[in-house]
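Visitor: Right, I'll just put the structure down here and ask away after.
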Amino acid sequence: MEASPEDFTAEAQQYVEDLFQTGKIYVGQEIQYADFLSLYSLCPKIPQHQFARLLGINYFCYQNMRYMNSKTYLHDAQVKEAISLIGKIERQRFYTEEEISAICQEFHISPEDFIQYVMHSGGNGIAKVHTQAYLSALNSHQQLYIGKTQMSHSYFQEMYDVHFNSIRRYIHTLCKNTRTLRDFEDYLADALLFLFETAGDIEYNFADYEDESAVQRMLLSRVKAHLLPLLIEQVQVHSCTKSSNTFYPHRDTPSYQVPDKNTNVEDTVLSSSMSETEEAKLMR
């Protein structure tokens with residue numbers, strides 16, 4: 001009897017499970033299309049997009065990986081289901097290595113999964129690229145602080161002295177890309193206040209961490225996660241206001257206003273035209 005499409009799917013499912021169990025692939029692994037094809041070559045009887053779904057890659061990420069040469073990540077559906085059962089764990093406290101190990105054993109996940117999914121989903125701005133740093137901190141201190149808390153004044157001053165220029169350049173680039181340079185100083189002050197009030201867990205976990213560049217990347221990822229929605233909202237509001245002024249340029253000016261008899265109308269028109277030209281040039 002000929003194998004049915006369901007048989008091919010079941011065979012591919014077993015193949016993917018074997019890859020995860022033997023460690024040939026792992027949750028959160030970054031892959032490109034060439035890596036995907038090497039895995040798919042041993043299981044070519046189902047469509048590529050279906051095989052991608054078995055690996056935990058959604059269709060949108062698969063399309064970007066294939067046609068835009070972008071990278072994506074492997075996610076085991078069973079691990080994600082287990083993570084969802086944990087729910088929102090208690091925050092603003094230290095978790096010992098034994099507590100984290102007990103959680104991982106109960107829900108059959110690894111410490112890497114705990115950091116990548118549980119801590120990242122808590123809104124701490126913990127990017128998955130920082131997983132190894134958190135594992136090192138856990139092994140070094142036998143505990144991890146989970147939650148947002150305030151930095152001490154001494155650590156904030158130290159962070160300010162070491163990383164201020166990098167943070168300033170980073171925010172300047174964000175503002176430049178979103179055309180909000182006029183508010184750059186306000187966003188810089190807001191970002192520094194945000195780090196002081198919420199990034200104390202970096203102090204608790206990485207105060208003695210030797211890799212300053214990794215700490216800097218963590219701070220910048222927090223700044224981006226905090227500022228980017230504000231910048232996008234500001235751009236959208238500015239765009240709406242600009243469009244409104246285009247269609248209703250004199251809505252705030254009473255139609256019955258007339259020039260004073262001593263006003264040189266020709267000079268007024270010329271100066272107005274000049275200012276509009278300069279403004280248009282600036283906007284371009």
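Starting from 1 in every chain, residues are counted up; chains themselves are A, B, ... following the order of the structure tokens, and ligands are numbered from 1 as listed.
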Write out as a PyMOL selection string all residues of region 91-199 of chain A that backbone DSSP assigns to strand (DSSP E or B).
Guide: chain A and resi 93-96+143-146+149+199
Visitor: Residues as selected, N, CA and C atoms, written as a compact mmCIF listing (two decimals), in the first residue's frame, can you do that?
Guide:
```txt
# COMPACT_ATOMS: atom_id res chain seq x y z
N ARG A 93 12.03 39.38 43.68
CA ARG A 93 12.77 38.65 44.69
C ARG A 93 13.82 37.76 44.03
N PHE A 94 14.74 37.26 44.85
CA PHE A 94 15.75 36.33 44.37
C PHE A 94 15.16 34.91 44.29
N TYR A 95 15.54 34.20 43.23
CA TYR A 95 15.24 32.78 43.10
C TYR A 95 16.54 32.01 43.20
N THR A 96 16.61 31.08 44.14
CA THR A 96 17.83 30.30 44.30
C THR A 96 17.96 29.30 43.16
N GLN A 143 21.89 32.11 42.46
CA GLN A 143 20.57 32.73 42.54
C GLN A 143 20.44 33.77 41.43
N LEU A 144 19.20 34.11 41.12
CA LEU A 144 18.90 35.17 40.14
C LEU A 144 17.80 36.05 40.71
N TYR A 145 17.95 37.35 40.53
CA TYR A 145 16.88 38.27 40.91
C TYR A 145 15.94 38.42 39.71
N ILE A 146 14.64 38.22 39.95
CA ILE A 146 13.65 38.32 38.88
C ILE A 146 12.67 39.43 39.24
N THR A 149 13.19 46.52 39.69
CA THR A 149 13.43 47.22 40.95
C THR A 149 14.38 48.37 40.72
N ALA A 199 15.76 49.01 36.36
CA ALA A 199 16.81 48.07 35.95
C ALA A 199 17.71 47.66 37.10
```
Visitor: Could you pull the residues within 12 Å of Glu30 (chain A), counting only C-alpha atoms, minus those fewer than 5 positions along the same chain, as a list in words?
Guide: Ile25, Asp35, Phe36, Leu55, Ile57, Cys61, Met65, Ser70, Lys71, Thr72, Tyr73, Leu74, His75, Lys128 and Val129 of chain A
Visitor: Next, write the just-selected residues to a file, as an mmCIF file, in the first residue's frame, keeping N, CA and C atoms as the atom set.
Guide:
```
data_model
loop_
_atom_site.group_PDB
_atom_site.id
_atom_site.type_symbol
_atom_site.label_atom_id
_atom_site.label_comp_id
_atom_site.auth_asym_id
_atom_site.auth_seq_id
_atom_site.Cartn_x
_atom_site.Cartn_y
_atom_site.Cartn_z
ATOM 1 N N ILE A 25 19.303 19.483 17.334
ATOM 2 C CA ILE A 25 18.744 20.841 17.319
ATOM 3 C C ILE A 25 18.201 21.105 18.719
ATOM 4 N N ASP A 35 20.664 26.151 6.735
ATOM 5 C CA ASP A 35 20.554 25.176 7.824
ATOM 6 C C ASP A 35 19.217 24.441 7.754
ATOM 7 N N PHE A 36 18.173 25.185 7.429
ATOM 8 C CA PHE A 36 16.844 24.576 7.308
ATOM 9 C C PHE A 36 16.833 23.512 6.217
ATOM 10 N N LEU A 55 9.016 22.346 13.099
ATOM 11 C CA LEU A 55 10.174 22.854 13.833
ATOM 12 C C LEU A 55 9.804 24.010 14.758
ATOM 13 N N ILE A 57 8.499 26.958 13.531
ATOM 14 C CA ILE A 57 8.706 28.200 12.777
ATOM 15 C C ILE A 57 7.400 28.549 12.088
ATOM 16 N N CYS A 61 7.794 33.787 9.536
ATOM 17 C CA CYS A 61 9.240 33.661 9.751
ATOM 18 C C CYS A 61 9.876 32.781 8.679
ATOM 19 N N MET A 65 12.825 33.932 6.204
ATOM 20 C CA MET A 65 14.060 33.151 6.184
ATOM 21 C C MET A 65 14.399 32.711 4.762
ATOM 22 N N SER A 70 16.839 36.059 6.127
ATOM 23 C CA SER A 70 16.901 36.442 7.539
ATOM 24 C C SER A 70 17.047 35.194 8.402
ATOM 25 N N LYS A 71 17.401 35.397 9.666
ATOM 26 C CA LYS A 71 17.548 34.299 10.613
ATOM 27 C C LYS A 71 16.262 34.145 11.419
ATOM 28 N N THR A 72 16.043 32.939 11.916
ATOM 29 C CA THR A 72 14.898 32.694 12.779
ATOM 30 C C THR A 72 15.304 31.700 13.847
ATOM 31 N N TYR A 73 14.371 31.351 14.716
ATOM 32 C CA TYR A 73 14.684 30.501 15.862
ATOM 33 C C TYR A 73 13.779 29.275 15.874
ATOM 34 N N LEU A 74 14.310 28.165 16.417
ATOM 35 C CA LEU A 74 13.535 26.947 16.585
ATOM 36 C C LEU A 74 12.851 26.973 17.951
ATOM 37 N N HIS A 75 11.564 26.621 17.971
ATOM 38 C CA HIS A 75 10.808 26.605 19.218
ATOM 39 C C HIS A 75 10.061 25.283 19.322
ATOM 40 N N LYS A 128 16.902 37.203 24.229
ATOM 41 C CA LYS A 128 17.379 35.828 24.256
ATOM 42 C C LYS A 128 18.882 35.744 24.040
ATOM 43 N N VAL A 129 19.469 36.753 23.427
ATOM 44 C CA VAL A 129 20.918 36.727 23.221
ATOM 45 C C VAL A 129 21.679 36.861 24.538
#
```
Visitor: Hey, can you check how far CA of Leu54 (chain A) sits from CA of Val118 (chain A)?
Guide: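 CA of Val118 (chain A) lies at a distance of 22.4 Å from CA of Leu54 (chain A).
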Visitor: When you look at Gln150 (chain A) with a cut-off of 9 Å (counting only C-alpha atoms), what residues show up, excluding the ones that are within fewer than 4 positions of it in the same chain? I need them as a ChimeraX atom specification.
Guide: /A:195-201
Visitor: What lies within 10 Å of Asp190 (chain A) using only C-alpha atoms, ignoring chain neighbours under 6 positions off, as a PyMOL selection string?
Guide: chain A and resi 184+196+223+226-227
Visitor: With C-alpha atoms kept, could you save the residues just selected as a PDB file, in the first residue's frame?
Guide:
```
ATOM      1  CA  PHE A 184      16.273  64.017  21.898  1.00  0.00           C
ATOM      2  CA  PHE A 196      17.312  53.998  37.437  1.00  0.00           C
ATOM      3  CA  VAL A 223      16.213  51.483  26.518  1.00  0.00           C
ATOM      4  CA  HIS A 226      11.045  51.397  26.514  1.00  0.00           C
ATOM      5  CA  LEU A 227      11.579  54.205  23.999  1.00  0.00           C
TER       6      LEU A 227
END
```
Visitor: With only C-alpha atoms as the basis for distance, which of A:Glu203, A:Glu11, A:Glu17, A:Glu185 is at the shortest distance from Glu158 (chain A)?
Guide: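 Residue with the minimum atom-to-atom distance to Glu158 (chain A): A:Glu203.
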Visitor: Considering only C-alpha atoms, return as a PDB file with N, CA and C atoms, in the first residue's frame whatever protein or nucleic-acid residues lie within 12 Å of region 166-176 of chain A, sequence-local ones (same chain, fewer than 5 positions apart) excluded.
Guide:
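Output file around07.pdb follows:
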```pdb
ATOM      1  N   MET A 159      27.154  53.186  36.479  1.00  0.00           N
ATOM      2  CA  MET A 159      26.620  52.907  35.149  1.00  0.00           C
ATOM      3  C   MET A 159      26.632  54.153  34.278  1.00  0.00           C
ATOM      4  N   TYR A 160      26.280  55.286  34.877  1.00  0.00           N
ATOM      5  CA  TYR A 160      26.235  56.559  34.148  1.00  0.00           C
ATOM      6  C   TYR A 160      27.625  56.919  33.628  1.00  0.00           C
ATOM      7  N   ASP A 161      28.630  56.782  34.485  1.00  0.00           N
ATOM      8  CA  ASP A 161      29.997  57.155  34.090  1.00  0.00           C
ATOM      9  C   ASP A 161      30.527  56.264  32.974  1.00  0.00           C
ATOM     10  N   LEU A 181      14.489  64.162  16.503  1.00  0.00           N
ATOM     11  CA  LEU A 181      15.673  64.738  17.127  1.00  0.00           C
ATOM     12  C   LEU A 181      15.343  65.959  17.978  1.00  0.00           C
ATOM     13  N   ARG A 182      14.251  66.638  17.665  1.00  0.00           N
ATOM     14  CA  ARG A 182      13.873  67.835  18.421  1.00  0.00           C
ATOM     15  C   ARG A 182      13.590  67.487  19.892  1.00  0.00           C
ATOM     16  N   ASP A 183      13.244  66.220  20.162  1.00  0.00           N
ATOM     17  CA  ASP A 183      12.927  65.791  21.527  1.00  0.00           C
ATOM     18  C   ASP A 183      14.017  64.894  22.105  1.00  0.00           C
ATOM     19  N   PHE A 184      15.205  64.935  21.506  1.00  0.00           N
ATOM     20  CA  PHE A 184      16.273  64.017  21.898  1.00  0.00           C
ATOM     21  C   PHE A 184      16.610  64.124  23.386  1.00  0.00           C
ATOM     22  N   GLU A 185      16.800  65.332  23.889  1.00  0.00           N
ATOM     23  CA  GLU A 185      17.196  65.506  25.291  1.00  0.00           C
ATOM     24  C   GLU A 185      16.115  64.990  26.240  1.00  0.00           C
ATOM     25  N   ASP A 186      14.855  65.191  25.872  1.00  0.00           N
ATOM     26  CA  ASP A 186      13.765  64.693  26.717  1.00  0.00           C
ATOM     27  C   ASP A 186      13.777  63.168  26.770  1.00  0.00           C
ATOM     28  N   TYR A 187      13.980  62.531  25.605  1.00  0.00           N
ATOM     29  CA  TYR A 187      14.012  61.073  25.571  1.00  0.00           C
ATOM     30  C   TYR A 187      15.227  60.527  26.327  1.00  0.00           C
ATOM     31  N   LEU A 188      16.345  61.226  26.245  1.00  0.00           N
ATOM     32  CA  LEU A 188      17.536  60.796  26.966  1.00  0.00           C
ATOM     33  C   LEU A 188      17.285  60.824  28.473  1.00  0.00           C
ATOM     34  N   ALA A 189      16.703  61.912  28.962  1.00  0.00           N
ATOM     35  CA  ALA A 189      16.399  62.016  30.393  1.00  0.00           C
ATOM     36  C   ALA A 189      15.393  60.952  30.814  1.00  0.00           C
ATOM     37  N   ASP A 190      14.402  60.716  29.971  1.00  0.00           N
ATOM     38  CA  ASP A 190      13.385  59.704  30.275  1.00  0.00           C
ATOM     39  C   ASP A 190      14.004  58.314  30.352  1.00  0.00           C
ATOM     40  N   ALA A 191      14.926  58.008  29.436  1.00  0.00           N
ATOM     41  CA  ALA A 191      15.562  56.693  29.419  1.00  0.00           C
ATOM     42  C   ALA A 191      16.417  56.476  30.665  1.00  0.00           C
ATOM     43  N   LEU A 192      17.162  57.493  31.062  1.00  0.00           N
ATOM     44  CA  LEU A 192      18.008  57.364  32.252  1.00  0.00           C
ATOM     45  C   LEU A 192      17.161  57.170  33.513  1.00  0.00           C
ATOM     46  N   LEU A 195      15.855  53.570  33.497  1.00  0.00           N
ATOM     47  CA  LEU A 195      16.865  52.596  33.921  1.00  0.00           C
ATOM     48  C   LEU A 195      17.063  52.647  35.441  1.00  0.00           C
ATOM     49  N   GLU A 212      31.784  44.002  30.457  1.00  0.00           N
ATOM     50  CA  GLU A 212      31.057  45.279  30.468  1.00  0.00           C
ATOM     51  C   GLU A 212      30.248  45.475  29.191  1.00  0.00           C
ATOM     52  N   SER A 213      30.739  44.947  28.073  1.00  0.00           N
ATOM     53  CA  SER A 213      30.006  45.106  26.815  1.00  0.00           C
ATOM     54  C   SER A 213      28.669  44.381  26.863  1.00  0.00           C
ATOM     55  N   VAL A 215      26.845  43.874  29.611  1.00  0.00           N
ATOM     56  CA  VAL A 215      25.980  44.709  30.451  1.00  0.00           C
ATOM     57  C   VAL A 215      25.473  45.905  29.657  1.00  0.00           C
ATOM     58  N   GLN A 216      26.348  46.488  28.853  1.00  0.00           N
ATOM     59  CA  GLN A 216      25.947  47.627  28.031  1.00  0.00           C
ATOM     60  C   GLN A 216      24.855  47.236  27.050  1.00  0.00           C
ATOM     61  N   ARG A 217      24.979  46.065  26.438  1.00  0.00           N
ATOM     62  CA  ARG A 217      23.947  45.606  25.497  1.00  0.00           C
ATOM     63  C   ARG A 217      22.622  45.373  26.220  1.00  0.00           C
ATOM     64  N   MET A 218      22.683  44.891  27.460  1.00  0.00           N
ATOM     65  CA  MET A 218      21.456  44.706  28.233  1.00  0.00           C
ATOM     66  C   MET A 218      20.774  46.053  28.503  1.00  0.00           C
ATOM     67  N   LEU A 219      21.559  47.035  28.900  1.00  0.00           N
ATOM     68  CA  LEU A 219      21.000  48.363  29.157  1.00  0.00           C
ATOM     69  C   LEU A 219      20.375  48.943  27.902  1.00  0.00           C
ATOM     70  N   LEU A 220      21.061  48.796  26.774  1.00  0.00           N
ATOM     71  CA  LEU A 220      20.555  49.352  25.520  1.00  0.00           C
ATOM     72  C   LEU A 220      19.286  48.637  25.070  1.00  0.00           C
ATOM     73  N   SER A 221      19.202  47.334  25.311  1.00  0.00           N
ATOM     74  CA  SER A 221      17.981  46.618  24.932  1.00  0.00           C
ATOM     75  C   SER A 221      16.800  47.080  25.778  1.00  0.00           C
ATOM     76  N   ARG A 222      17.052  47.407  27.056  1.00  0.00           N
ATOM     77  CA  ARG A 222      15.982  47.943  27.908  1.00  0.00           C
ATOM     78  C   ARG A 222      15.534  49.318  27.393  1.00  0.00           C
ATOM     79  N   VAL A 223      16.522  50.144  27.021  1.00  0.00           N
ATOM     80  CA  VAL A 223      16.213  51.483  26.518  1.00  0.00           C
ATOM     81  C   VAL A 223      15.381  51.390  25.241  1.00  0.00           C
ATOM     82  N   LYS A 224      15.774  50.504  24.347  1.00  0.00           N
ATOM     83  CA  LYS A 224      15.037  50.359  23.083  1.00  0.00           C
ATOM     84  C   LYS A 224      13.614  49.888  23.333  1.00  0.00           C
ATOM     85  N   ALA A 225      13.453  48.867  24.199  1.00  0.00           N
ATOM     86  CA  ALA A 225      12.116  48.352  24.497  1.00  0.00           C
ATOM     87  C   ALA A 225      11.224  49.423  25.115  1.00  0.00           C
ATOM     88  N   HIS A 226      11.821  50.346  25.863  1.00  0.00           N
ATOM     89  CA  HIS A 226      11.045  51.397  26.514  1.00  0.00           C
ATOM     90  C   HIS A 226      10.735  52.559  25.571  1.00  0.00           C
ATOM     91  N   LEU A 227      11.735  52.983  24.790  1.00  0.00           N
ATOM     92  CA  LEU A 227      11.579  54.205  23.999  1.00  0.00           C
ATOM     93  C   LEU A 227      10.917  53.990  22.651  1.00  0.00           C
ATOM     94  N   LEU A 228      11.160  52.858  22.022  1.00  0.00           N
ATOM     95  CA  LEU A 228      10.686  52.694  20.651  1.00  0.00           C
ATOM     96  C   LEU A 228       9.176  52.862  20.511  1.00  0.00           C
ATOM     97  N   PRO A 229       8.350  52.269  21.403  1.00  0.00           N
ATOM     98  CA  PRO A 229       6.903  52.525  21.289  1.00  0.00           C
ATOM     99  C   PRO A 229       6.556  54.010  21.428  1.00  0.00           C
ATOM    100  N   LEU A 230       7.267  54.719  22.307  1.00  0.00           N
ATOM    101  CA  LEU A 230       7.001  56.155  22.476  1.00  0.00           C
ATOM    102  C   LEU A 230       7.378  56.937  21.223  1.00  0.00           C
ATOM    103  N   LEU A 231       8.506  56.579  20.622  1.00  0.00           N
ATOM    104  CA  LEU A 231       8.947  57.268  19.408  1.00  0.00           C
ATOM    105  C   LEU A 231       7.994  57.009  18.254  1.00  0.00           C
ATOM    106  N   ILE A 232       7.552  55.779  18.111  1.00  0.00           N
ATOM    107  CA  ILE A 232       6.622  55.440  17.034  1.00  0.00           C
ATOM    108  C   ILE A 232       5.307  56.189  17.213  1.00  0.00           C
ATOM    109  N   GLN A 234       4.906  59.025  18.745  1.00  0.00           N
ATOM    110  CA  GLN A 234       5.155  60.429  18.459  1.00  0.00           C
ATOM    111  C   GLN A 234       5.170  60.683  16.961  1.00  0.00           C
ATOM    112  N   VAL A 235       5.774  59.773  16.192  1.00  0.00           N
ATOM    113  CA  VAL A 235       5.820  59.916  14.737  1.00  0.00           C
ATOM    114  C   VAL A 235       4.419  59.839  14.149  1.00  0.00           C
TER     115      VAL A 235
END
```
Visitor: When you count only C-alpha atoms, which of these residues is closest to Ser110 (chain A): A:Thr131, A:Ser152, A:Thr180, A:Ala137?
Guide: A:Thr131
Visitor: Closest to Gln142 (chain A) among A:Ile31, A:Ala82, A:Ile100, A:Leu42, using only C-alpha atoms?
Guide: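 Going through A:Ile31, A:Ala82, A:Ile100, A:Leu42 one by one, the smallest distance to Gln142 (chain A) is for A:Ile100.
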Visitor: Have a look at CA of Met119 (chain A) and CA of Gln21 (chain A) and let me know their distance in Å, one decimal.
Guide: 23.9 Å
Visitor: So that I can see what lies close to Arg66 (chain A), please list as a VMD selection string the residues with an atom at most 9 Å from it, counting only C-alpha atoms and leaving out residues fewer than 5 positions away in the same chain.
Guide: chain A and resid 32 to 34 61
